[in-house]
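Source file: structure_15.pdb. Holds: PDB, C-alpha atoms, pLDDT in the B column.
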MODEL        1
ATOM      1  CA  MET A   1     128.682  82.078 106.784  1.00 49.00           C
ATOM      2  CA  SER A   2     131.727  80.059 105.898  1.00 52.00           C
ATOM      3  CA  SER A   3     132.424  82.218 102.832  1.00 66.00           C
ATOM      4  CA  VAL A   4     132.850  85.289 105.049  1.00 71.00           C
ATOM      5  CA  SER A   5     136.194  85.734 106.793  1.00 81.00           C
ATOM      6  CA  SER A   6     136.494  85.952 110.583  1.00 85.00           C
ATOM      7  CA  GLU A   7     137.473  89.607 110.301  1.00 86.00           C
ATOM      8  CA  GLU A   8     134.398  90.358 108.176  1.00 83.00           C
ATOM      9  CA  LEU A   9     132.214  88.457 110.640  1.00 85.00           C
ATOM     10  CA  LYS A  10     133.624  90.526 113.506  1.00 88.00           C
ATOM     11  CA  LYS A  11     132.785  93.713 111.601  1.00 83.00           C
ATOM     12  CA  ILE A  12     129.271  92.451 110.891  1.00 82.00           C
ATOM     13  CA  LEU A  13     128.875  91.490 114.546  1.00 86.00           C
ATOM     14  CA  ASP A  14     129.853  95.014 115.608  1.00 87.00           C
ATOM     15  CA  VAL A  15     127.289  96.490 113.205  1.00 82.00           C
ATOM     16  CA  VAL A  16     124.557  94.124 114.389  1.00 83.00           C
ATOM     17  CA  GLU A  17     125.228  95.002 118.025  1.00 87.00           C
ATOM     18  CA  VAL A  18     125.209  98.728 117.224  1.00 86.00           C
ATOM     19  CA  ALA A  19     122.027  98.247 115.175  1.00 82.00           C
ATOM     20  CA  LEU A  20     120.278  96.624 118.128  1.00 86.00           C
ATOM     21  CA  PHE A  21     121.295  99.527 120.357  1.00 89.00           C
ATOM     22  CA  ASN A  22     120.429 102.187 117.773  1.00 86.00           C
ATOM     23  CA  HIS A  23     117.018 100.714 117.069  1.00 86.00           C
ATOM     24  CA  SER A  24     116.237 100.742 120.790  1.00 89.00           C
ATOM     25  CA  LYS A  25     117.137 104.429 120.858  1.00 90.00           C
ATOM     26  CA  TRP A  26     115.192 105.045 117.635  1.00 89.00           C
ATOM     27  CA  TYR A  27     112.108 103.411 119.151  1.00 90.00           C
ATOM     28  CA  GLU A  28     112.431 105.398 122.392  1.00 92.00           C
ATOM     29  CA  ASP A  29     112.719 108.631 120.420  1.00 91.00           C
ATOM     30  CA  LEU A  30     109.748 107.732 118.222  1.00 90.00           C
ATOM     31  CA  MET A  31     107.553 106.912 121.217  1.00 90.00           C
ATOM     32  CA  ARG A  32     108.600 110.126 122.973  1.00 92.00           C
ATOM     33  CA  ARG A  33     107.773 112.186 119.897  1.00 90.00           C
ATOM     34  CA  LEU A  34     104.414 110.488 119.410  1.00 88.00           C
ATOM     35  CA  LEU A  35     103.350 110.619 123.045  1.00 88.00           C
ATOM     36  CA  CYS A  36     104.508 114.214 123.553  1.00 90.00           C
ATOM     37  CA  ARG A  37     103.196 115.292 120.152  1.00 87.00           C
ATOM     38  CA  LEU A  38     106.594 116.494 119.028  1.00 91.00           C
ATOM     39  CA  PRO A  39     107.388 116.895 115.331  1.00 89.00           C
ATOM     40  CA  LEU A  40     108.510 113.749 113.577  1.00 88.00           C
ATOM     41  CA  PRO A  41     111.799 113.910 111.698  1.00 85.00           C
ATOM     42  CA  ASP A  42     111.838 113.176 107.977  1.00 82.00           C
ATOM     43  CA  ALA A  43     113.805 110.028 108.748  1.00 80.00           C
ATOM     44  CA  VAL A  44     110.654 108.542 110.305  1.00 85.00           C
ATOM     45  CA  ILE A  45     108.053 109.595 107.768  1.00 88.00           C
ATOM     46  CA  ALA A  46     110.120 109.305 104.587  1.00 92.00           C
ATOM     47  CA  LYS A  47     109.248 106.514 102.132  1.00 93.00           C
ATOM     48  CA  ASP A  48     112.867 105.358 102.396  1.00 93.00           C
ATOM     49  CA  ALA A  49     113.097 105.663 106.187  1.00 93.00           C
ATOM     50  CA  HIS A  50     114.570 102.153 106.298  1.00 92.00           C
ATOM     51  CA  ARG A  51     117.568 103.510 104.363  1.00 91.00           C
ATOM     52  CA  GLN A  52     118.007 106.603 106.522  1.00 89.00           C
ATOM     53  CA  CYS A  53     118.498 105.067 109.964  1.00 86.00           C
ATOM     54  CA  ALA A  54     121.992 104.058 111.071  1.00 80.00           C
ATOM     55  CA  PHE A  55     121.424 100.364 110.342  1.00 81.00           C
ATOM     56  CA  GLY A  56     119.804 101.080 106.974  1.00 85.00           C
ATOM     57  CA  THR A  57     122.659 103.338 105.941  1.00 82.00           C
ATOM     58  CA  TRP A  58     125.143 100.546 106.667  1.00 78.00           C
ATOM     59  CA  PHE A  59     122.947  97.775 105.308  1.00 80.00           C
ATOM     60  CA  TYR A  60     122.263  99.371 101.920  1.00 81.00           C
ATOM     61  CA  LYS A  61     125.786 100.691 101.355  1.00 79.00           C
ATOM     62  CA  ILE A  62     128.255  98.266 102.890  1.00 69.00           C
ATOM     63  CA  GLY A  63     126.102  95.360 104.021  1.00 64.00           C
ATOM     64  CA  GLU A  64     124.788  94.542 100.560  1.00 63.00           C
ATOM     65  CA  THR A  65     128.131  92.937  99.746  1.00 66.00           C
ATOM     66  CA  TYR A  66     127.212  90.215 102.261  1.00 59.00           C
ATOM     67  CA  VAL A  67     123.556  89.795 101.283  1.00 55.00           C
ATOM     68  CA  GLU A  68     124.221  87.273  98.545  1.00 55.00           C
ATOM     69  CA  ASP A  69     126.220  85.063 100.895  1.00 63.00           C
ATOM     70  CA  LEU A  70     123.988  85.372 103.943  1.00 69.00           C
ATOM     71  CA  PRO A  71     120.294  84.570 103.391  1.00 75.00           C
ATOM     72  CA  ALA A  72     119.609  85.859 106.901  1.00 75.00           C
ATOM     73  CA  PHE A  73     120.447  89.356 105.659  1.00 79.00           C
ATOM     74  CA  LYS A  74     117.740  89.248 103.019  1.00 81.00           C
ATOM     75  CA  LYS A  75     115.187  88.382 105.676  1.00 87.00           C
ATOM     76  CA  ILE A  76     116.491  91.050 108.039  1.00 87.00           C
ATOM     77  CA  GLY A  77     116.465  93.657 105.264  1.00 87.00           C
ATOM     78  CA  GLU A  78     112.845  92.905 104.433  1.00 91.00           C
ATOM     79  CA  MET A  79     111.798  92.877 108.088  1.00 93.00           C
ATOM     80  CA  HIS A  80     113.598  96.185 108.616  1.00 93.00           C
ATOM     81  CA  ARG A  81     111.850  97.791 105.634  1.00 94.00           C
ATOM     82  CA  VAL A  82     108.415  96.547 106.733  1.00 95.00           C
ATOM     83  CA  MET A  83     108.976  97.699 110.323  1.00 94.00           C
ATOM     84  CA  HIS A  84     109.864 101.222 109.131  1.00 94.00           C
ATOM     85  CA  GLU A  85     106.849 101.278 106.793  1.00 95.00           C
ATOM     86  CA  ASN A  86     104.610 100.327 109.679  1.00 94.00           C
ATOM     87  CA  ALA A  87     106.230 102.958 111.921  1.00 93.00           C
ATOM     88  CA  ARG A  88     105.463 105.586 109.279  1.00 94.00           C
ATOM     89  CA  GLU A  89     101.854 104.395 108.975  1.00 94.00           C
ATOM     90  CA  VAL A  90     101.264 104.378 112.732  1.00 93.00           C
ATOM     91  CA  SER A  91     102.939 107.787 113.054  1.00 91.00           C
ATOM     92  CA  GLN A  92     100.663 109.228 110.377  1.00 91.00           C
ATOM     93  CA  ILE A  93      97.588 107.707 112.036  1.00 93.00           C
ATOM     94  CA  ILE A  94      98.562 109.184 115.407  1.00 90.00           C
ATOM     95  CA  LYS A  95      99.297 112.542 113.822  1.00 87.00           C
ATOM     96  CA  ALA A  96      95.883 112.563 112.101  1.00 91.00           C
ATOM     97  CA  ASN A  97      93.745 111.083 114.907  1.00 91.00           C
ATOM     98  CA  GLY A  98      95.741 111.811 118.044  1.00 88.00           C
ATOM     99  CA  TYR A  99      95.985 108.091 118.781  1.00 90.00           C
ATOM    100  CA  ALA A 100      96.417 104.639 117.239  1.00 93.00           C
ATOM    101  CA  THR A 101      94.275 101.625 117.969  1.00 95.00           C
ATOM    102  CA  GLU A 102      95.664  98.737 119.978  1.00 95.00           C
ATOM    103  CA  MET A 103      95.708  96.638 116.818  1.00 96.00           C
ATOM    104  CA  GLU A 104      97.712  99.283 114.916  1.00 94.00           C
ATOM    105  CA  TYR A 105     100.211  99.697 117.740  1.00 93.00           C
ATOM    106  CA  ASP A 106     100.494  95.949 118.370  1.00 95.00           C
ATOM    107  CA  SER A 107     101.156  95.316 114.693  1.00 95.00           C
ATOM    108  CA  PHE A 108     103.965  97.868 114.662  1.00 94.00           C
ATOM    109  CA  HIS A 109     105.440  96.631 117.935  1.00 94.00           C
ATOM    110  CA  ARG A 110     105.319  93.003 116.749  1.00 95.00           C
ATOM    111  CA  LYS A 111     107.233  93.930 113.581  1.00 95.00           C
ATOM    112  CA  LEU A 112     109.800  95.842 115.624  1.00 93.00           C
ATOM    113  CA  MET A 113     110.290  92.886 117.967  1.00 93.00           C
ATOM    114  CA  GLN A 114     110.555  90.436 115.058  1.00 94.00           C
ATOM    115  CA  PHE A 115     113.233  92.606 113.470  1.00 92.00           C
ATOM    116  CA  ARG A 116     115.159  92.873 116.746  1.00 90.00           C
ATOM    117  CA  GLY A 117     114.747  89.146 117.331  1.00 92.00           C
ATOM    118  CA  GLU A 118     116.117  88.322 113.904  1.00 91.00           C
ATOM    119  CA  LEU A 119     119.074  90.667 114.463  1.00 88.00           C
ATOM    120  CA  GLY A 120     119.661  88.942 117.801  1.00 89.00           C
ATOM    121  CA  ASN A 121     119.533  85.537 116.114  1.00 90.00           C
ATOM    122  CA  LEU A 122     122.066  86.720 113.533  1.00 86.00           C
ATOM    123  CA  ARG A 123     124.300  88.053 116.299  1.00 89.00           C
ATOM    124  CA  ASP A 124     124.123  84.694 118.081  1.00 92.00           C
ATOM    125  CA  LYS A 125     124.852  82.784 114.867  1.00 89.00           C
ATOM    126  CA  ILE A 126     127.880  84.983 114.153  1.00 89.00           C
ATOM    127  CA  CYS A 127     129.136  84.469 117.715  1.00 92.00           C
ATOM    128  CA  ARG A 128     128.770  80.682 117.381  1.00 91.00           C
ATOM    129  CA  THR A 129     130.538  80.749 114.012  1.00 89.00           C
ATOM    130  CA  LEU A 130     133.382  82.840 115.417  1.00 90.00           C
ATOM    131  CA  ALA A 131     133.695  80.587 118.471  1.00 89.00           C
ATOM    132  CA  HIS A 132     133.776  77.512 116.216  1.00 85.00           C
ATOM    133  CA  THR A 133     136.368  79.156 113.969  1.00 79.00           C
ATOM    134  CA  ASP A 134     138.520  80.134 116.945  1.00 61.00           C
ATOM    135  CA  THR A 135     138.260  76.586 118.350  1.00 58.00           C
ATOM    136  CA  ASN A 136     139.273  75.097 114.990  1.00 53.00           C
ATOM    137  CA  VAL A 137     142.254  77.460 114.729  1.00 50.00           C
ATOM    138  CA  GLN A 138     143.363  76.604 118.273  1.00 48.00           C
ATOM    139  CA  THR A 139     142.999  72.875 117.565  1.00 49.00           C
ATOM    140  CA  GLN A 140     144.984  73.170 114.327  1.00 48.00           C
ATOM    141  CA  GLU A 141     147.710  75.125 116.129  1.00 47.00           C
ATOM    142  CA  ALA A 142     147.860  72.511 118.903  1.00 46.00           C
ATOM    143  CA  VAL A 143     148.095  69.670 116.377  1.00 44.00           C
ATOM    144  CA  ALA A 144     150.846  71.501 114.480  1.00 48.00           C
ATOM    145  CA  LYS A 145     152.808  72.078 117.701  1.00 50.00           C
ATOM    146  CA  GLU A 146     152.408  68.426 118.681  1.00 53.00           C
ATOM    147  CA  GLU A 147     153.496  67.221 115.248  1.00 52.00           C
ATOM    148  CA  ASN A 148     156.562  69.470 115.403  1.00 56.00           C
ATOM    149  CA  GLY A 149     157.372  68.389 118.958  1.00 58.00           C
ATOM    150  CA  LEU A 150     156.828  71.899 120.306  1.00 55.00           C
ATOM    151  CA  ASP A 151     154.368  70.925 122.983  1.00 55.00           C
TER     152      ASP A 151
ENDMDL
END
Could the structure of this file be written out as structure tokens, please?
Amino acid sequence: MSSVSSEELKKILDVVEVALFNHSKWYEDLMRRLLCRLPLPDAVIAKDAHRQCAFGTWFYKIGETYVEDLPAFKKIGEMHRVMHENAREVSQIIKANGYATEMEYDSFHRKLMQFRGELGNLRDKICRTLAHTDTNVQTQEAVAKEENGLD
């Protein structure tokens, strides 16, 4: 993450935190629609659903500039795509049969939790990097003050 500036990391951190929140809301809405047999929006059943959610929109437009520098993003992108694919599959099964098996639901839920966990890990890594950067800046400023007799 050292090739990404502190300002860029702060922007990424904001997006990751919003993504975690939005995916919780997305999941709640999906479960409500499935359990109450409400129509599913195209954003859930589309082949490119992973590009239509708030995180996907950011990830595939702005976030791609960071993908090359941050291997964690490649993993997150793949996990995100797979999770949305599985959501679509489970949604179609429920729509056709009126229910999903435990195995089908558990598979989807596991993928959702892995995606959220990886986003959480990235958030934590960014926070540690920012804290380390801030500590280094403060140390450098203190050394400079001491060398200049300002302390």
Which residues fall under the PyMOL selection byres ((chain A and resi 87) around 10) in this file, as a PyMOL selection string?
chain A and resi 27+30+44-45+49+81-86+88-93+104-105+107-109+111-112
I'd like to see the residues matched by the PyMOL selection byres ((chain A and resi 10-13) around 8) on this file, and ideally I'd get them as a ChimeraX atom specification.
/A:6-9,14-17,123,126-127,130
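Taking atom CA of Leu119 of chain A and atom CA of Ser5 of chain A as endpoints, the distance between them is 19.4 Å.
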Given the PyMOL selection byres ((chain A and resi 117) around 12), the residues it picks as a list in words
Val16, Ala19, Leu20, His23, Ala72, Lys75, Ile76, Met79, His80, His109, Arg110, Lys111, Leu112, Met113, Gln114, Phe115, Arg116, Glu118, Leu119, Gly120, Asn121, Leu122, Arg123 and Asp124 of chain A
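When all atoms listed in the file are used to measure the gap to Gln52 of chain A, the shortest distance among A:Trp26, A:Leu35, A:Arg128, A:Met103 belongs to A:Trp26.
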